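Undergrad: Sharing a structure with you now.
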Amino acid sequence: MKKNREVLEKLNPQGKIVVNRAVLLKAGFNFQYHTHTYLTRKGHQYIFCYDQGYLGLESDHILLVRDDGSKR
């Protein structure tokens with residue numbers, strides 16, 4: 001999980017970006033390891049490794065996000 005968080009943090013320095021799934025895999029990201037999920041009111045499920053998360057989009061694109069804690 002630590003490696004996954006590091007990969008997400010490195011690829012997402014601004015807090016929000018769309019990348020291709022292949023970029024994450026090439027960096028050593030393992031989609032099986034995560035700390036928690038977050039389900040939005042619209043039914044989107046974000047998957048998190050600590051404060052770094054992602055949402056699967058169409059065409060193997062992944063939205064990377066950072067949880068700043070403002071919704072807690």
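Quick note on naming: the chains in the structure tokens go A, B, ... in the order shown, residues restart at 1 in each chain, and ligands are numbered from 1 in order of appearance.
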Going by DSSP on the backbone, which residues of chain A come out as strand (DSSP E)? List them as an NGL selection string.
TA: :A and (16-20 or 36-39 or 45-49 or 52-56 or 61-66)
Undergrad: For A:Ile62, work out the shell of residues within 12 Å, counting only C-alpha atoms and skipping chain neighbours fewer than 5 positions away, then give it as a ChimeraX atom specification.
TA: /A:8,11-12,16-25,31,46-47,53-57
Undergrad: Can you write just those residues out, N, CA and C atoms, as an mmCIF file, in the first residue's frame?
TA:
data_model
loop_
_atom_site.group_PDB
_atom_site.id
_atom_site.type_symbol
_atom_site.label_atom_id
_atom_site.label_comp_id
_atom_site.auth_asym_id
_atom_site.auth_seq_id
_atom_site.Cartn_x
_atom_site.Cartn_y
_atom_site.Cartn_z
ATOM 1 N N LEU A 8 0.894 7.122 -6.674
ATOM 2 C CA LEU A 8 -0.184 8.092 -6.871
ATOM 3 C C LEU A 8 0.284 9.513 -6.565
ATOM 4 N N LEU A 11 2.589 10.866 -9.370
ATOM 5 C CA LEU A 11 1.889 11.170 -10.627
ATOM 6 C C LEU A 11 0.871 12.296 -10.475
ATOM 7 N N ASN A 12 0.538 12.664 -9.243
ATOM 8 C CA ASN A 12 -0.526 13.627 -8.993
ATOM 9 C C ASN A 12 -0.064 14.776 -8.085
ATOM 10 N N LYS A 16 -5.150 16.638 -8.709
ATOM 11 C CA LYS A 16 -6.177 16.114 -9.601
ATOM 12 C C LYS A 16 -5.620 16.047 -11.019
ATOM 13 N N ILE A 17 -5.650 14.825 -11.599
ATOM 14 C CA ILE A 17 -5.123 14.636 -12.958
ATOM 15 C C ILE A 17 -5.693 13.340 -13.528
ATOM 16 N N VAL A 18 -5.803 13.271 -14.846
ATOM 17 C CA VAL A 18 -6.239 12.051 -15.524
ATOM 18 C C VAL A 18 -5.014 11.417 -16.190
ATOM 19 N N VAL A 19 -4.817 10.117 -15.930
ATOM 20 C CA VAL A 19 -3.715 9.375 -16.534
ATOM 21 C C VAL A 19 -4.268 8.089 -17.138
ATOM 22 N N ASN A 20 -3.462 7.446 -17.950
ATOM 23 C CA ASN A 20 -3.834 6.163 -18.519
ATOM 24 C C ASN A 20 -3.469 5.053 -17.540
ATOM 25 N N ARG A 21 -4.271 4.015 -17.528
ATOM 26 C CA ARG A 21 -4.042 2.868 -16.635
ATOM 27 C C ARG A 21 -2.632 2.291 -16.825
ATOM 28 N N ALA A 22 -2.147 2.276 -18.060
ATOM 29 C CA ALA A 22 -0.824 1.726 -18.349
ATOM 30 C C ALA A 22 0.285 2.489 -17.624
ATOM 31 N N VAL A 23 0.106 3.788 -17.432
ATOM 32 C CA VAL A 23 1.105 4.601 -16.718
ATOM 33 C C VAL A 23 1.220 4.127 -15.271
ATOM 34 N N LEU A 24 0.088 3.859 -14.641
ATOM 35 C CA LEU A 24 0.106 3.367 -13.262
ATOM 36 C C LEU A 24 0.767 1.989 -13.177
ATOM 37 N N LEU A 25 0.407 1.102 -14.081
ATOM 38 C CA LEU A 25 0.988 -0.239 -14.073
ATOM 39 C C LEU A 25 2.492 -0.198 -14.308
ATOM 40 N N PHE A 31 -3.444 -2.572 -8.341
ATOM 41 C CA PHE A 31 -4.830 -2.191 -8.108
ATOM 42 C C PHE A 31 -5.524 -3.024 -7.017
ATOM 43 N N TYR A 46 -14.678 5.910 -5.505
ATOM 44 C CA TYR A 46 -13.261 6.263 -5.472
ATOM 45 C C TYR A 46 -12.545 5.254 -4.579
ATOM 46 N N ILE A 47 -11.357 4.867 -4.981
ATOM 47 C CA ILE A 47 -10.553 3.924 -4.216
ATOM 48 C C ILE A 47 -9.317 4.662 -3.728
ATOM 49 N N GLY A 53 -6.167 8.940 -4.008
ATOM 50 C CA GLY A 53 -7.209 8.071 -4.536
ATOM 51 C C GLY A 53 -7.332 8.134 -6.040
ATOM 52 N N TYR A 54 -8.220 7.271 -6.541
ATOM 53 C CA TYR A 54 -8.450 7.244 -7.985
ATOM 54 C C TYR A 54 -9.857 6.772 -8.298
ATOM 55 N N LEU A 55 -10.292 7.120 -9.504
ATOM 56 C CA LEU A 55 -11.604 6.739 -10.017
ATOM 57 C C LEU A 55 -11.412 6.267 -11.446
ATOM 58 N N GLY A 56 -11.876 5.068 -11.737
ATOM 59 C CA GLY A 56 -11.784 4.545 -13.093
ATOM 60 C C GLY A 56 -12.749 5.281 -14.018
ATOM 61 N N LEU A 57 -12.253 5.691 -15.170
ATOM 62 C CA LEU A 57 -13.055 6.370 -16.179
ATOM 63 C C LEU A 57 -13.129 5.483 -17.426
#
Undergrad: From the set A:Val65, A:Asn4, A:Thr35, A:Glu9, which residue has the shortest atom-to-atom contact distance to A:Tyr50, counting only C-alpha atoms?
TA: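 For A:Tyr50, the nearest of the candidates is A:Thr35.
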Undergrad: Report the distance between atom CA of A:Lys2 and atom CA of A:Phe29 in Å, rounded to one decimal place.
TA: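 That distance, rounded to one decimal, is 10.2 Å.
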Undergrad: Between atom CA of A:Pro13 and atom CA of A:Asp60, measure the distance and give it in Å to one decimal.
TA: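 Calculated distance between atom CA of A:Pro13 and atom CA of A:Asp60 is 20.7 Å.
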Undergrad: Can you work out which one of A:His61, A:Asp68, A:Glu6, A:Met1 has the shortest atom-to-atom distance to A:Asn30, counting only C-alpha atoms?
TA: A:Met1
Undergrad: Run DSSP on the backbone and tell me which residues of chain A come out as alpha helix (DSSP H); list them as a PDB file with N, CA and C atoms, in the first residue's frame.
TA:
ATOM      1  N   LYS A   2       1.980   1.178   0.692  1.00  0.00           N
ATOM      2  CA  LYS A   2       2.880   2.329   0.717  1.00  0.00           C
ATOM      3  C   LYS A   2       3.392   2.640  -0.681  1.00  0.00           C
ATOM      4  N   LYS A   3       3.759   1.606  -1.425  1.00  0.00           N
ATOM      5  CA  LYS A   3       4.241   1.801  -2.805  1.00  0.00           C
ATOM      6  C   LYS A   3       3.133   2.428  -3.663  1.00  0.00           C
ATOM      7  N   ASN A   4       1.902   1.937  -3.531  1.00  0.00           N
ATOM      8  CA  ASN A   4       0.787   2.489  -4.288  1.00  0.00           C
ATOM      9  C   ASN A   4       0.601   3.973  -3.986  1.00  0.00           C
ATOM     10  N   ARG A   5       0.659   4.331  -2.716  1.00  0.00           N
ATOM     11  CA  ARG A   5       0.497   5.738  -2.337  1.00  0.00           C
ATOM     12  C   ARG A   5       1.601   6.586  -2.953  1.00  0.00           C
ATOM     13  N   GLU A   6       2.823   6.087  -2.908  1.00  0.00           N
ATOM     14  CA  GLU A   6       3.951   6.823  -3.482  1.00  0.00           C
ATOM     15  C   GLU A   6       3.783   7.032  -4.988  1.00  0.00           C
ATOM     16  N   VAL A   7       3.299   6.010  -5.683  1.00  0.00           N
ATOM     17  CA  VAL A   7       3.074   6.125  -7.128  1.00  0.00           C
ATOM     18  C   VAL A   7       2.018   7.184  -7.401  1.00  0.00           C
ATOM     19  N   LEU A   8       0.894   7.122  -6.674  1.00  0.00           N
ATOM     20  CA  LEU A   8      -0.184   8.092  -6.871  1.00  0.00           C
ATOM     21  C   LEU A   8       0.284   9.513  -6.565  1.00  0.00           C
ATOM     22  N   GLU A   9       1.024   9.670  -5.480  1.00  0.00           N
ATOM     23  CA  GLU A   9       1.511  10.993  -5.078  1.00  0.00           C
ATOM     24  C   GLU A   9       2.471  11.570  -6.127  1.00  0.00           C
ATOM     25  N   LYS A  10       3.327  10.734  -6.657  1.00  0.00           N
ATOM     26  CA  LYS A  10       4.296  11.195  -7.660  1.00  0.00           C
ATOM     27  C   LYS A  10       3.599  11.620  -8.958  1.00  0.00           C
ATOM     28  N   LEU A  11       2.589  10.866  -9.370  1.00  0.00           N
ATOM     29  CA  LEU A  11       1.889  11.170 -10.627  1.00  0.00           C
ATOM     30  C   LEU A  11       0.871  12.296 -10.475  1.00  0.00           C
ATOM     31  N   ARG A  21      -4.271   4.015 -17.528  1.00  0.00           N
ATOM     32  CA  ARG A  21      -4.042   2.868 -16.635  1.00  0.00           C
ATOM     33  C   ARG A  21      -2.632   2.291 -16.825  1.00  0.00           C
ATOM     34  N   ALA A  22      -2.147   2.276 -18.060  1.00  0.00           N
ATOM     35  CA  ALA A  22      -0.824   1.726 -18.349  1.00  0.00           C
ATOM     36  C   ALA A  22       0.285   2.489 -17.624  1.00  0.00           C
ATOM     37  N   VAL A  23       0.106   3.788 -17.432  1.00  0.00           N
ATOM     38  CA  VAL A  23       1.105   4.601 -16.718  1.00  0.00           C
ATOM     39  C   VAL A  23       1.220   4.127 -15.271  1.00  0.00           C
ATOM     40  N   LEU A  24       0.088   3.859 -14.641  1.00  0.00           N
ATOM     41  CA  LEU A  24       0.106   3.367 -13.262  1.00  0.00           C
ATOM     42  C   LEU A  24       0.767   1.989 -13.177  1.00  0.00           C
ATOM     43  N   LEU A  25       0.407   1.102 -14.081  1.00  0.00           N
ATOM     44  CA  LEU A  25       0.988  -0.239 -14.073  1.00  0.00           C
ATOM     45  C   LEU A  25       2.492  -0.198 -14.308  1.00  0.00           C
ATOM     46  N   LYS A  26       2.931   0.639 -15.232  1.00  0.00           N
ATOM     47  CA  LYS A  26       4.359   0.762 -15.527  1.00  0.00           C
ATOM     48  C   LYS A  26       5.137   1.276 -14.314  1.00  0.00           C
TER      49      LYS A  26
END
Undergrad: To one decimal place, how far is atom CA of A:Asp67 from atom CA of A:Tyr38 in Å?
TA: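 Separation of atom CA of A:Asp67 and atom CA of A:Tyr38: 10.6 Å.
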Undergrad: Of the residues A:Gln14, A:His34, A:Ala27, A:Leu64, which is the one nearest to A:Phe48, using only C-alpha atoms?
TA: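 The answer is A:His34, which sits nearest to A:Phe48.
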